[in-house]
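Enquirer: First, the structure itself, so that you have it in front of you.
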Amino acid sequence: MRLLAQDALFPDWNITENVGNAWDAFVDASEVVFDALSTFLDDTLVSSVEWILTTPPPIVVIIALALVAWFSKGWKLGLGTFVAFWAMQSIGYFEPTMESLAIVLVAALIALVIGVPLGILASRSGPASKILRPVLDFMQTMPSFVYLMLAVALVGVGAAGGVLASVIFAMPPAVRLTELGIRQVDKEVVEAAEAFGATPGEVLRQVQLPLALPTIMAGVNQVIMLSLSMVVIGGLAGGGGIAGNVVEGVTRLDFGLGIVAGLCVVVLAVFLDRVTSALGGDDGAAAAA
Amino acid sequence: MSHIDVKGLTKVFGNHPERGVELARQGKSKDEILAETGQVLAVNDVSFDVDQGEMFVVMGLSGSGKSTVIRMLNRLIEPTSGTVDLDGERISDMSMSRLREVRAQKMSMVFQHFALFPHRTVGDNAAYGLKIQGVDEAERRERAEGALARVGLSGWFDRYPSEMSGGMKQRVGIARGLATDADILLMDEPFSALDPLIRRDMQDLLMELQAELSRTVVFITHDLNEAMRIGDRIVVMKDGAVVQVGTGEEIIHDPATTYVADFVADVDRSRVLTASLAMHEPSATFGPDATPREVLDHLDTSERNGVYVVDDDNRVLGVARDQEMAAAMQANAPTIRDHLVDAYATASPDTLLDDLSAIAARHTVSIAVIDDEGHLLGTVPRPALLRALAGDRRMDATRGSDGPARDQVEAPSEDATTSREVPA
């Protein structure tokens, strides 16, 4: 029985310290790179988008968002968007919500710029697909707080940390759904393009991507929603925006602030979801026509 | 030189195809190779050639490797071994860029499930091959509209495939194949997904187009009736190998194996076999200067009621029947010339047995098979017709392949008054 005892069967490894030291070393070594990245993300990308969303008078931005909703889905969503954001401005939370939207948009854009090409690669190469799959699993299942901690260690507190954590957390659906969408395209249709002499690039651009678009757009939708959820968590790391208000409400046990700021996040989420899924749906209908 | 020349084409699917090829060369079967190596022998040593303007049908059940064969012709599937030559140029060795040129300019393809681009208009679908070739938009539109008109789809240019029925979609598929003016049309079970009535329409359409354009068509089907109907020649495949190559008539009449025989058992023979198959040399013919008594003597001994009378050039003058001959003898007529009747039916060697059976019993004499100039090539007695329809293979032995009646034309009897007994 003693053989089964803890001491005999399991060595007493203590690696957390080692991993921590290794991480510190990595952070020290890559400080220059990540400082530059932080500046680029925070001062260039997020600031630019934020400038666009917060510099004009709020009513102009609200109407612009309502028009986006109208054209992507219909007048009902447009009207709902207008009313919701108008109310948000009336209670004074429109500007922080737009700050969060800027971070979401930047993070989602980066995730897509990296994720969609990776998805295309995975759809065309069996080995690439096999290598990517466990990496994506890892990215999706690692607790999001851990990303936040690591991102803060790398790029410091602020919007850049939120963006970096969001990109890692939100990218997998872009890769997966792009790969799935391309692999789902009718094999005979791809053969038809090849049989008429199309190059692999022409097959991709003229047949595979257009026909995979509804699935890819479903990926875009998921990327944006995951970015939003991560950006809210990013409020813990001083990400600012409406997430900052939520965190403030939680830490101060200010129920009014917490609930109202939380509702603003919900409104933003519903707006982003309806607009992006409508874009996928419409394009899907056109592709199926 | 044949247009498409396929030699020893073999395809093994799996991670060690060369092992499969080796075992196939040793004569192992598809199942044995699968059990021993896990490799799937899809196509095994297939050779055939297709002539310019020919409608060449590859027929087999699912799993016979026919779809793999057609895809190896344009290398949508790479052959494991074997060669494909197109006008002497080796397709199986050429670079990808040259292959794409050949695909764009020389070979187009029609697919079983149409494989239209759902996000493009009907016109853009038809013009796809031209777009790949870099043809400018105005010319693309003109040629695509021409191709659509040929398949009966004028006015559909700006519509979408989703608005169309299956038959119409496949018309677009065919138009896409025609628009590039490619000489070769590869058709992979193009009509299998269609209703039987539509399928027949499409077969008619294809045959009309073929009569007009005479492209070289390689046509895949699992439907033997379809193969018989449209194919100039048919190759029958089983388990990845060629079982028989020949015309529809040859395959039905002289199946190479019991597999083919079982396969063709259900075919409506009357719609495939022609008069030339059931034709006999006439047992006897008389010249117009024969006496009524000579004819009666012959009819008496051969237990018939009438006989064909031909001129020196073997053209049919009429029929000498027993009743008229008896009357002529009573009237002391010197020859039968003025006592002939035209109570007989004629057919050409290409007339389908189906059409022959309709007229077979109408007259006392057998149906006369004549060529374009009216020369008597032979006759089709009712028993021979019924026997051909019943699928009696021994008929080959009794049937002269050249038609002995034709020999008679070359060497007409000097003495027109004697009966021309034909050597059996």
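Here's how to read the names in the structure tokens: chain A, B, ... by the order shown, residue numbers from 1 in each chain, ligand numbers from 1 in the order shown.
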Which polymer residues have any atom within 10 Å of an atom of range 33-42 of chain A, counting only C-alpha atoms, with same-chain residues fewer than 5 positions away left out, as a PyMOL selection string?

Expert: chain A and resi 27-28+47-48+103+106-107+151+153-164

Enquirer: I need the residues from that last selection saved to file as a CSV table (one decimal), in the first residue's frame (with all heavy atoms), if you can.

Expert:
```csv
chain,number,residue,atom,x,y,z
A,27,VAL,N,9.5,38.5,-21.1
A,27,VAL,CA,9.0,39.9,-21.1
A,27,VAL,C,10.1,40.9,-21.1
A,27,VAL,O,10.1,41.8,-21.9
A,27,VAL,CB,8.1,40.1,-19.8
A,27,VAL,CG1,7.8,41.6,-19.7
A,27,VAL,CG2,6.8,39.3,-19.8
A,28,ASP,N,11.2,40.6,-20.3
A,28,ASP,CA,12.3,41.5,-20.4
A,28,ASP,C,13.0,41.5,-21.7
A,28,ASP,O,13.3,42.6,-22.3
A,28,ASP,CB,13.4,41.0,-19.3
A,28,ASP,CG,12.9,41.3,-17.9
A,28,ASP,OD1,12.0,42.1,-17.8
A,28,ASP,OD2,13.5,40.8,-17.0
A,47,SER,N,-6.7,54.8,-31.0
A,47,SER,CA,-7.0,56.3,-30.9
A,47,SER,C,-7.6,56.8,-32.1
A,47,SER,O,-8.5,57.6,-32.1
A,47,SER,CB,-5.6,57.0,-30.7
A,47,SER,OG,-5.0,56.6,-29.5
A,48,SER,N,-7.2,56.3,-33.3
A,48,SER,CA,-7.8,56.8,-34.6
A,48,SER,C,-9.3,56.4,-34.6
A,48,SER,O,-10.2,57.3,-34.9
A,48,SER,CB,-7.1,56.1,-35.8
A,48,SER,OG,-5.8,56.2,-35.7
A,103,ILE,N,-12.1,49.8,-29.3
A,103,ILE,CA,-11.2,48.7,-28.9
A,103,ILE,C,-11.7,47.4,-29.6
A,103,ILE,O,-11.0,46.6,-30.2
A,103,ILE,CB,-11.1,48.5,-27.4
A,103,ILE,CG1,-10.6,49.8,-26.8
A,103,ILE,CG2,-10.2,47.4,-27.1
A,103,ILE,CD1,-10.6,49.8,-25.3
A,106,VAL,N,-11.0,47.4,-33.4
A,106,VAL,CA,-9.6,47.2,-33.7
A,106,VAL,C,-9.2,45.8,-33.4
A,106,VAL,O,-8.6,45.1,-34.3
A,106,VAL,CB,-8.7,48.2,-32.9
A,106,VAL,CG1,-7.3,47.8,-33.0
A,106,VAL,CG2,-8.9,49.6,-33.3
A,107,ALA,N,-9.6,45.2,-32.3
A,107,ALA,CA,-9.3,43.8,-32.0
A,107,ALA,C,-9.9,42.9,-33.0
A,107,ALA,O,-9.2,42.0,-33.5
A,107,ALA,CB,-9.8,43.5,-30.6
A,151,ALA,N,-1.2,39.8,-21.2
A,151,ALA,CA,-1.2,41.0,-22.1
A,151,ALA,C,-0.8,42.2,-21.3
A,151,ALA,O,0.0,43.0,-21.8
A,151,ALA,CB,-2.6,41.2,-22.7
A,153,ALA,N,1.2,42.3,-18.7
A,153,ALA,CA,2.6,42.1,-18.5
A,153,ALA,C,3.4,42.6,-19.7
A,153,ALA,O,4.5,43.2,-19.6
A,153,ALA,CB,2.9,40.7,-18.1
A,154,LEU,N,2.9,42.3,-20.9
A,154,LEU,CA,3.6,42.6,-22.1
A,154,LEU,C,3.5,44.0,-22.5
A,154,LEU,O,4.4,44.7,-22.9
A,154,LEU,CB,3.1,41.7,-23.3
A,154,LEU,CG,3.6,40.2,-23.2
A,154,LEU,CD1,2.9,39.4,-24.3
A,154,LEU,CD2,5.1,40.1,-23.3
A,155,VAL,N,2.3,44.5,-22.6
A,155,VAL,CA,2.1,45.9,-23.1
A,155,VAL,C,1.6,46.9,-22.1
A,155,VAL,O,1.2,48.0,-22.5
A,155,VAL,CB,1.1,45.8,-24.3
A,155,VAL,CG1,1.7,45.0,-25.5
A,155,VAL,CG2,-0.3,45.3,-23.9
A,156,GLY,N,1.5,46.5,-20.9
A,156,GLY,CA,1.1,47.4,-19.8
A,156,GLY,C,-0.4,47.6,-19.8
A,156,GLY,O,-1.2,47.1,-20.6
A,157,VAL,N,-0.9,48.3,-18.7
A,157,VAL,CA,-2.3,48.6,-18.6
A,157,VAL,C,-2.8,49.5,-19.7
A,157,VAL,O,-2.0,50.2,-20.3
A,157,VAL,CB,-2.7,49.1,-17.2
A,157,VAL,CG1,-2.4,48.1,-16.1
A,157,VAL,CG2,-1.9,50.4,-17.0
A,158,GLY,N,-4.1,49.5,-20.0
A,158,GLY,CA,-4.6,50.3,-21.0
A,158,GLY,C,-5.3,49.6,-22.1
A,158,GLY,O,-5.4,48.4,-22.1
A,159,ALA,N,-5.6,50.3,-23.2
A,159,ALA,CA,-6.4,49.7,-24.3
A,159,ALA,C,-5.6,48.6,-25.0
A,159,ALA,O,-6.1,47.6,-25.4
A,159,ALA,CB,-6.8,50.8,-25.3
A,160,ALA,N,-4.3,48.8,-25.1
A,160,ALA,CA,-3.4,47.9,-25.9
A,160,ALA,C,-3.6,46.5,-25.3
A,160,ALA,O,-3.6,45.5,-26.0
A,160,ALA,CB,-2.0,48.3,-25.9
A,161,GLY,N,-3.6,46.4,-24.0
A,161,GLY,CA,-3.7,45.1,-23.3
A,161,GLY,C,-5.0,44.4,-23.7
A,161,GLY,O,-5.1,43.2,-24.0
A,162,GLY,N,-6.1,45.2,-23.7
A,162,GLY,CA,-7.4,44.7,-24.0
A,162,GLY,C,-7.4,44.2,-25.5
A,162,GLY,O,-7.9,43.1,-25.8
A,163,VAL,N,-6.8,45.0,-26.4
A,163,VAL,CA,-6.8,44.6,-27.8
A,163,VAL,C,-6.0,43.3,-27.9
A,163,VAL,O,-6.4,42.3,-28.6
A,163,VAL,CB,-6.1,45.7,-28.6
A,163,VAL,CG1,-5.9,45.2,-30.0
A,163,VAL,CG2,-7.0,46.9,-28.7
A,164,LEU,N,-4.8,43.2,-27.3
A,164,LEU,CA,-4.0,42.0,-27.5
A,164,LEU,C,-4.7,40.8,-27.0
A,164,LEU,O,-4.7,39.7,-27.7
A,164,LEU,CB,-2.6,42.2,-26.8
A,164,LEU,CG,-1.5,41.2,-27.1
A,164,LEU,CD1,-1.1,41.3,-28.5
A,164,LEU,CD2,-0.3,41.5,-26.2
```

Enquirer: Write out as a ChimeraX atom specification all residues of range 33-133 of chain B that backbone DSSP assigns to strand (DSSP E).

Expert: /B:40-50,55-59,81-86,89-90,107-110

Enquirer: For the contact check between chain A and chain B, emit one row per residue of chain A within 12 Å, containing the shortest atom pair and the distance in Å rounded to one decimal, counting only C-alpha atoms, chain then rising number order, as a Markdown table.

Expert:
```
| residue | atom | partner | partner_atom | distance |
| --- | --- | --- | --- | --- |
| A:Val185 | CA | B:Phe117 | CA | 10.6 |
| A:Asp186 | CA | B:Ala115 | CA | 7.9 |
| A:Lys187 | CA | B:Ala115 | CA | 8.6 |
| A:Glu188 | CA | B:Ala115 | CA | 5.5 |
| A:Val189 | CA | B:Ala115 | CA | 4.4 |
| A:Val190 | CA | B:Ala115 | CA | 8.1 |
| A:Glu191 | CA | B:Leu76 | CA | 7.0 |
| A:Ala192 | CA | B:Ala115 | CA | 6.3 |
| A:Ala193 | CA | B:Tyr128 | CA | 8.0 |
| A:Glu194 | CA | B:Leu76 | CA | 7.4 |
| A:Ala195 | CA | B:Arg103 | CA | 5.9 |
| A:Phe196 | CA | B:Ala104 | CA | 4.8 |
| A:Gly197 | CA | B:Arg100 | CA | 4.3 |
| A:Ala198 | CA | B:Ile132 | CA | 6.1 |
| A:Thr199 | CA | B:Arg100 | CA | 7.5 |
| A:Pro200 | CA | B:Arg100 | CA | 10.5 |
| A:Gly201 | CA | B:Ile132 | CA | 11.8 |
| A:Glu202 | CA | B:Ile132 | CA | 8.5 |
| A:Val203 | CA | B:Ile132 | CA | 10.4 |
| A:Gln206 | CA | B:Phe117 | CA | 9.2 |
| A:Val207 | CA | B:Phe117 | CA | 7.2 |
| A:Gln208 | CA | B:Phe117 | CA | 10.1 |
| A:Leu209 | CA | B:His119 | CA | 10.9 |
| A:Pro210 | CA | B:His119 | CA | 7.4 |
| A:Leu211 | CA | B:His119 | CA | 7.3 |
| A:Ala212 | CA | B:His119 | CA | 10.9 |
| A:Leu213 | CA | B:His119 | CA | 10.8 |
| A:Pro214 | CA | B:His119 | CA | 12.0 |
| A:Asp283 | CA | B:His119 | CA | 9.9 |
| A:Gly284 | CA | B:His119 | CA | 9.6 |
| A:Ala285 | CA | B:His119 | CA | 9.5 |
| A:Ala286 | CA | B:His119 | CA | 6.7 |
| A:Ala287 | CA | B:His119 | CA | 4.6 |
| A:Ala288 | CA | B:Pro118 | CA | 5.9 |
| A:Ala289 | CA | B:Ser162 | CA | 5.4 |
```

Enquirer: Identify, on the basis of only C-alpha atoms, every residue whose closest approach to Ala42 in chain B does not exceed 10 Å; exclude the query and any residue fewer than 2 positions from it along the same chain; express the result as a PyMOL selection string.

Expert: chain B and resi 10-13+30+39-40+44+63-69+239-241

Enquirer: Would you mind exporting N, CA, C and O atoms of the selected residues as a PDB file, in the first residue's frame?

Expert:
```pdb
ATOM      1  N   THR B  10      -4.012   3.923 -65.110  1.00  0.00           N
ATOM      2  CA  THR B  10      -4.234   3.247 -63.838  1.00  0.00           C
ATOM      3  C   THR B  10      -4.295   4.284 -62.734  1.00  0.00           C
ATOM      4  O   THR B  10      -3.529   5.248 -62.738  1.00  0.00           O
ATOM      5  N   LYS B  11      -5.231   4.098 -61.796  1.00  0.00           N
ATOM      6  CA  LYS B  11      -5.283   4.987 -60.643  1.00  0.00           C
ATOM      7  C   LYS B  11      -5.452   4.162 -59.378  1.00  0.00           C
ATOM      8  O   LYS B  11      -6.371   3.355 -59.265  1.00  0.00           O
ATOM      9  N   VAL B  12      -4.541   4.363 -58.464  1.00  0.00           N
ATOM     10  CA  VAL B  12      -4.652   3.726 -57.151  1.00  0.00           C
ATOM     11  C   VAL B  12      -4.760   4.846 -56.123  1.00  0.00           C
ATOM     12  O   VAL B  12      -3.912   5.734 -56.075  1.00  0.00           O
ATOM     13  N   PHE B  13      -5.833   4.814 -55.322  1.00  0.00           N
ATOM     14  CA  PHE B  13      -5.976   5.785 -54.240  1.00  0.00           C
ATOM     15  C   PHE B  13      -5.380   5.188 -52.974  1.00  0.00           C
ATOM     16  O   PHE B  13      -5.590   4.019 -52.670  1.00  0.00           O
ATOM     17  N   LYS B  30      -9.077  -6.168 -57.415  1.00  0.00           N
ATOM     18  CA  LYS B  30      -9.299  -4.964 -56.630  1.00  0.00           C
ATOM     19  C   LYS B  30      -9.447  -5.305 -55.142  1.00  0.00           C
ATOM     20  O   LYS B  30      -8.851  -4.661 -54.275  1.00  0.00           O
ATOM     21  N   GLN B  39      -4.767  -0.225 -50.322  1.00  0.00           N
ATOM     22  CA  GLN B  39      -4.831   0.711 -51.446  1.00  0.00           C
ATOM     23  C   GLN B  39      -6.065   0.383 -52.292  1.00  0.00           C
ATOM     24  O   GLN B  39      -6.408  -0.772 -52.477  1.00  0.00           O
ATOM     25  N   VAL B  40      -6.702   1.438 -52.796  1.00  0.00           N
ATOM     26  CA  VAL B  40      -7.906   1.225 -53.601  1.00  0.00           C
ATOM     27  C   VAL B  40      -7.558   1.344 -55.085  1.00  0.00           C
ATOM     28  O   VAL B  40      -7.157   2.404 -55.555  1.00  0.00           O
ATOM     29  N   ASN B  44      -7.852   0.314 -63.584  1.00  0.00           N
ATOM     30  CA  ASN B  44      -6.782  -0.651 -63.802  1.00  0.00           C
ATOM     31  C   ASN B  44      -6.503  -0.839 -65.286  1.00  0.00           C
ATOM     32  O   ASN B  44      -7.292  -1.449 -66.002  1.00  0.00           O
ATOM     33  N   GLY B  63     -18.686   2.719 -58.907  1.00  0.00           N
ATOM     34  CA  GLY B  63     -17.537   1.960 -58.448  1.00  0.00           C
ATOM     35  C   GLY B  63     -16.759   1.298 -59.573  1.00  0.00           C
ATOM     36  O   GLY B  63     -15.765   0.632 -59.335  1.00  0.00           O
ATOM     37  N   SER B  64     -17.214   1.507 -60.806  1.00  0.00           N
ATOM     38  CA  SER B  64     -16.493   0.882 -61.913  1.00  0.00           C
ATOM     39  C   SER B  64     -15.291   1.716 -62.337  1.00  0.00           C
ATOM     40  O   SER B  64     -14.503   1.290 -63.162  1.00  0.00           O
ATOM     41  N   GLY B  65     -15.165   2.927 -61.778  1.00  0.00           N
ATOM     42  CA  GLY B  65     -14.005   3.757 -62.079  1.00  0.00           C
ATOM     43  C   GLY B  65     -14.210   4.685 -63.262  1.00  0.00           C
ATOM     44  O   GLY B  65     -13.281   5.363 -63.677  1.00  0.00           O
ATOM     45  N   LYS B  66     -15.446   4.760 -63.756  1.00  0.00           N
ATOM     46  CA  LYS B  66     -15.655   5.558 -64.965  1.00  0.00           C
ATOM     47  C   LYS B  66     -15.457   7.047 -64.723  1.00  0.00           C
ATOM     48  O   LYS B  66     -14.874   7.736 -65.552  1.00  0.00           O
ATOM     49  N   SER B  67     -15.905   7.537 -63.551  1.00  0.00           N
ATOM     50  CA  SER B  67     -15.725   8.965 -63.265  1.00  0.00           C
ATOM     51  C   SER B  67     -14.254   9.296 -63.043  1.00  0.00           C
ATOM     52  O   SER B  67     -13.806  10.398 -63.356  1.00  0.00           O
ATOM     53  N   THR B  68     -13.518   8.346 -62.490  1.00  0.00           N
ATOM     54  CA  THR B  68     -12.077   8.562 -62.305  1.00  0.00           C
ATOM     55  C   THR B  68     -11.391   8.620 -63.666  1.00  0.00           C
ATOM     56  O   THR B  68     -10.506   9.443 -63.891  1.00  0.00           O
ATOM     57  N   VAL B  69     -11.818   7.762 -64.582  1.00  0.00           N
ATOM     58  CA  VAL B  69     -11.217   7.756 -65.912  1.00  0.00           C
ATOM     59  C   VAL B  69     -11.389   9.116 -66.582  1.00  0.00           C
ATOM     60  O   VAL B  69     -10.428   9.701 -67.084  1.00  0.00           O
ATOM     61  N   ASP B 239     -15.180  -2.872 -62.210  1.00  0.00           N
ATOM     62  CA  ASP B 239     -14.094  -2.898 -61.229  1.00  0.00           C
ATOM     63  C   ASP B 239     -12.835  -2.205 -61.749  1.00  0.00           C
ATOM     64  O   ASP B 239     -11.724  -2.701 -61.572  1.00  0.00           O
ATOM     65  N   GLY B 240     -13.003  -1.099 -62.432  1.00  0.00           N
ATOM     66  CA  GLY B 240     -11.864  -0.313 -62.863  1.00  0.00           C
ATOM     67  C   GLY B 240     -11.213  -0.771 -64.150  1.00  0.00           C
ATOM     68  O   GLY B 240     -10.257  -0.155 -64.608  1.00  0.00           O
ATOM     69  N   ALA B 241     -11.702  -1.869 -64.736  1.00  0.00           N
ATOM     70  CA  ALA B 241     -11.062  -2.368 -65.954  1.00  0.00           C
ATOM     71  C   ALA B 241     -12.051  -2.354 -67.112  1.00  0.00           C
ATOM     72  O   ALA B 241     -13.272  -2.366 -66.919  1.00  0.00           O
TER      73      ALA B 241
END
```

Enquirer: Pick out the residues sitting within 6 Å of range 219-235 of chain B, and hand them over as a count of residues only; count only C-alpha atoms, and ignore anything fewer than 3 positions along from it in its own chain.

Expert: 15
